[in-house]
2 protein chains.
Amino acid sequence: MPRPSVEAERRKQILDAACSVIAKHGLQELRLLDVASVAGVSSGTIHYYFDTKRELVNAAFEYNFRHSLERRQWMRDESREPLELLGEIVDSYLPSRGASLRAWRVWADLWAEGMRDPALQKINEELYGQWRELLRNTIAAAQRAGTAREGDPELLANMLIGMVDGLAMQVLLKAKAMSLDTMRETCRAFIDQLIAR
Amino acid sequence: MPRPSVEAERRKQILDAACSVIAKHGLQELRLLDVASVAGVSSGTIHYYFDTKRELVNAAFEYNFRHSLERRQWMRDESREPLELLGEIVDSYLPSRGASLRAWRVWADLWAEGMRDPALQKINEELYGQWRELLRNTIAAAQRAGTAREGDPELLANMLIGMVDGLAMQVLLKAKAMSLDTMRETCRAFIDQLIAR
DNA sequence: TACGCTTGACCGGCCGACCAGTTATGTGGA
DNA sequence: TCCACATAACTGGTCGGCCGGTCAAGCGTA
């Protein structure tokens, strides 16, 4: 046997570097040499794991999405009071700083690119669907627990998701009228006024 | 005197072509030669009116935004019943087809690009602000008319705007759970449940 | 030795930017 | 009426830099 496979590890390392570069410079300015540099490998190594730039980029988008969901397993904790949990879920999705901010920047690029790329639409379909389902289930749980009023949980989840996404864009665009705090209050107000009993 | 200036007209023609190319292929694949071709001029003419590609792109984004607002002057009709008007405003912003769809595609690219470009943030600040103000004023008018319940109109406007933007992204991404019809119903439900008396 | 993995120089195509030259459209003098 | 002349508008060929992708060679571990 030759040396053991480092493929999984190396791929992750490269994808993580790609996400960092996308978050910092945007997909537009993504250079394979930059990714290689951040990942601490040579440009040749990138091509050893990914045939084309597009393949790398799409994999990075998927990695970013999947990674975000994995970091949020605690949201599926069914022992928590659902309405309270809902508030925390939304809080954790605010484009505040660190990991969350990086993930948002990459998402925004995914969306722009995804309008014309069916492969990215498929990634969005699967992973964004999980996010939508999580909110719907949490709202439904709150209804069963009696802390949320009646109403189609899918509809309410869609409203809330849309709101979070749209407001996040304005926060990322540094709109004066939409600071992080205003966004948080707006989302909380929505939950208080339309979802909570 | 030399020949009369056609600058305003020609600029518009080029910017319109640029918007078409962005909507169709994305900012990523924008080639000056394509813009020139669509505009029916030579590549040299592009550089005659715009020093750099970036200058053209930013001007195109501003043109797209401003153009959308201009096409919607009817929204400021104060003789209409405000709540009904609000519904029509939202309808007209759905990424349905034609002009509205093109504008949305360009917006999505603007947002992605605007995260790192202060010049684009400024454009967003000014023009998106008008859009926000329009909704706020319409909601406030409905409250005065007694067809909407009490509540901070700015807060409600922000909720609605965010929702429209976020849901529109999913429509553009062809998410199965968010068709144009579902989006329309979701927005209507929000108005019915949270704004209308 | 075998093989997975890595390197980095190199190549070729592409495209933004430049520019020298050309055309169109006006003015005013003879 | 017509002919310089001035200037704006426009053309399209060219060039230079950049970067994705290739590859032949090297490295390290079993």
# chains A, B, ... in the order shown; residues from 1 in each chain; ligands from 1

call {"tool": "interface_residues", "arguments": {"of": "chain C", "to": "chain B", "cutoff": "7 Å", "atoms": "only C-alpha atoms (C1' of nucleotides)", "output": "PDB file with C-alpha atoms (C1' of nucleotides), in the first residue's frame"}}
result
ATOM      1  C1'  DT C  25     -22.424  67.242 -39.008  1.00  0.00           C
ATOM      2  C1'  DG C  26     -22.295  71.562 -38.068  1.00  0.00           C
ATOM      3  C1'  DT C  27     -20.260  76.908 -39.056  1.00  0.00           C
TER       4       DT C  27
END

call {"tool": "interface_residues", "arguments": {"of": "chain A", "to": "chain B", "cutoff": "6 Å", "atoms": "only C-alpha atoms", "output": "tab-separated table (two decimals) with C-alpha atoms, in the first residue's frame"}}
result
chain	number	residue	atom	x	y	z
A	108	ALA	CA	-25.07	35.97	-2.03
A	109	ASP	CA	-22.65	35.01	-4.77
A	112	ALA	CA	-26.38	35.58	-8.31
A	115	MET	CA	-29.90	32.20	-11.60
A	121	GLN	CA	-30.14	25.55	-8.44
A	125	GLU	CA	-33.10	23.15	-3.86
A	162	GLY	CA	-37.84	35.53	2.78
A	163	MET	CA	-37.61	38.32	5.30
A	165	ASP	CA	-32.78	36.70	3.30
A	166	GLY	CA	-33.95	40.04	1.97
A	167	LEU	CA	-32.98	41.99	5.06
A	172	LEU	CA	-24.50	43.18	3.66
A	173	LEU	CA	-24.92	46.19	1.42
A	175	ALA	CA	-27.71	50.18	3.95

call {"tool": "closest_residue", "arguments": {"among": "D:DA4, D:DC27, D:DC19, D:DC10", "to": "chain A", "atoms": "only C-alpha atoms (C1' of nucleotides)"}}
result
D:DC19

call {"tool": "interface_residues", "arguments": {"of": "chain D", "to": "chain A", "cutoff": "12 Å", "atoms": "only C-alpha atoms (C1' of nucleotides)", "output": "ChimeraX atom specification"}}
result
/D:18-23,28-30

call {"tool": "atom_distance", "arguments": {"atom1": "atom CA of B:Ile14", "atom2": "atom CA of B:His67"}}
result
14.0 Å

call {"tool": "closest_residue", "arguments": {"among": "C:DG21, C:DG8, C:DG28, C:DG13", "to": "D:DA25", "atoms": "only C-alpha atoms (C1' of nucleotides)"}}
result
C:DG8

call {"tool": "atom_distance", "arguments": {"atom1": "atom CA of B:Arg136", "atom2": "atom CA of B:Leu180"}}
result
24.0 Å

call {"tool": "residues_around", "arguments": {"residues": "A:Tyr49", "least_positions_apart": "6", "cutoff": "12 Å", "atoms": "only C-alpha atoms (C1' of nucleotides)", "output": "list in words"}}
result
Val6, Glu7, Ala8, Glu9, Arg10, Arg11, Lys12, Gln13, Ile14, Leu15, Ala36, Val41, Ser42, Ser43, Glu55, Leu56 and Ala59 of chain A; DC5 and DT6 of chain C

call {"tool": "atom_distance", "arguments": {"atom1": "atom CA of A:Ile22", "atom2": "atom CA of B:Leu127"}}
result
26.7 Å

call {"tool": "residues_around", "arguments": {"residues": "stretch 83-93 of chain B", "least_positions_apart": "3", "cutoff": "10 Å", "atoms": "only C-alpha atoms (C1' of nucleotides)", "output": "JSON, numbers by chain"}}
result
{"B": [68, 72, 74, 75, 76, 77, 78, 79, 80, 96, 100, 101, 103, 104, 134, 135, 136, 137, 138, 139, 140, 141, 142, 143, 145, 146, 147, 148, 160, 161, 164, 165, 168, 183, 184, 187, 188, 191, 192, 195, 196, 197]}

call {"tool": "write_last_selection", "arguments": {"atoms": "C-alpha atoms", "output": "mmCIF file, in the first residue's frame"}}
result
data_model
loop_
_atom_site.group_PDB
_atom_site.id
_atom_site.type_symbol
_atom_site.label_atom_id
_atom_site.label_comp_id
_atom_site.auth_asym_id
_atom_site.auth_seq_id
_atom_site.Cartn_x
_atom_site.Cartn_y
_atom_site.Cartn_z
ATOM 1 C CA SER B 68 -37.359 50.698 -12.594
ATOM 2 C CA ARG B 72 -43.459 53.060 -11.509
ATOM 3 C CA TRP B 74 -48.176 55.462 -11.000
ATOM 4 C CA MET B 75 -47.426 54.079 -7.557
ATOM 5 C CA ARG B 76 -47.383 57.572 -6.181
ATOM 6 C CA ASP B 77 -50.983 58.148 -7.193
ATOM 7 C CA GLU B 78 -52.491 59.534 -4.007
ATOM 8 C CA SER B 79 -56.065 59.366 -5.202
ATOM 9 C CA ARG B 80 -56.078 55.581 -5.021
ATOM 10 C CA SER B 96 -42.730 37.680 -13.470
ATOM 11 C CA SER B 100 -39.506 43.156 -14.334
ATOM 12 C CA LEU B 101 -37.613 39.904 -14.725
ATOM 13 C CA ALA B 103 -34.523 44.217 -13.715
ATOM 14 C CA TRP B 104 -34.508 41.547 -11.014
ATOM 15 C CA LEU B 134 -42.731 54.427 -1.100
ATOM 16 C CA LEU B 135 -43.904 51.381 0.807
ATOM 17 C CA ARG B 136 -43.751 53.148 4.145
ATOM 18 C CA ASN B 137 -45.788 56.077 2.852
ATOM 19 C CA THR B 138 -48.381 53.820 1.293
ATOM 20 C CA ILE B 139 -48.778 51.874 4.511
ATOM 21 C CA ALA B 140 -49.021 55.082 6.506
ATOM 22 C CA ALA B 141 -51.674 56.367 4.107
ATOM 23 C CA ALA B 142 -53.667 53.174 4.566
ATOM 24 C CA GLN B 143 -53.486 53.652 8.309
ATOM 25 C CA ALA B 145 -57.534 55.939 5.703
ATOM 26 C CA GLY B 146 -58.455 53.380 8.324
ATOM 27 C CA THR B 147 -57.923 50.334 6.107
ATOM 28 C CA ALA B 148 -54.693 49.338 7.854
ATOM 29 C CA LEU B 160 -42.531 43.555 3.446
ATOM 30 C CA ILE B 161 -39.509 44.701 1.454
ATOM 31 C CA VAL B 164 -40.296 40.500 -1.411
ATOM 32 C CA ASP B 165 -36.536 40.515 -1.993
ATOM 33 C CA ALA B 168 -37.829 36.854 -5.328
ATOM 34 C CA MET B 183 -44.719 34.165 -3.806
ATOM 35 C CA ARG B 184 -47.727 36.266 -4.713
ATOM 36 C CA CYS B 187 -47.000 38.438 0.068
ATOM 37 C CA ARG B 188 -50.757 38.854 -0.062
ATOM 38 C CA ILE B 191 -50.593 42.142 3.878
ATOM 39 C CA ASP B 192 -53.907 40.560 4.857
ATOM 40 C CA ILE B 195 -51.179 45.147 7.698
ATOM 41 C CA ALA B 196 -54.868 45.158 6.752
ATOM 42 C CA ARG B 197 -57.352 45.931 9.473
#
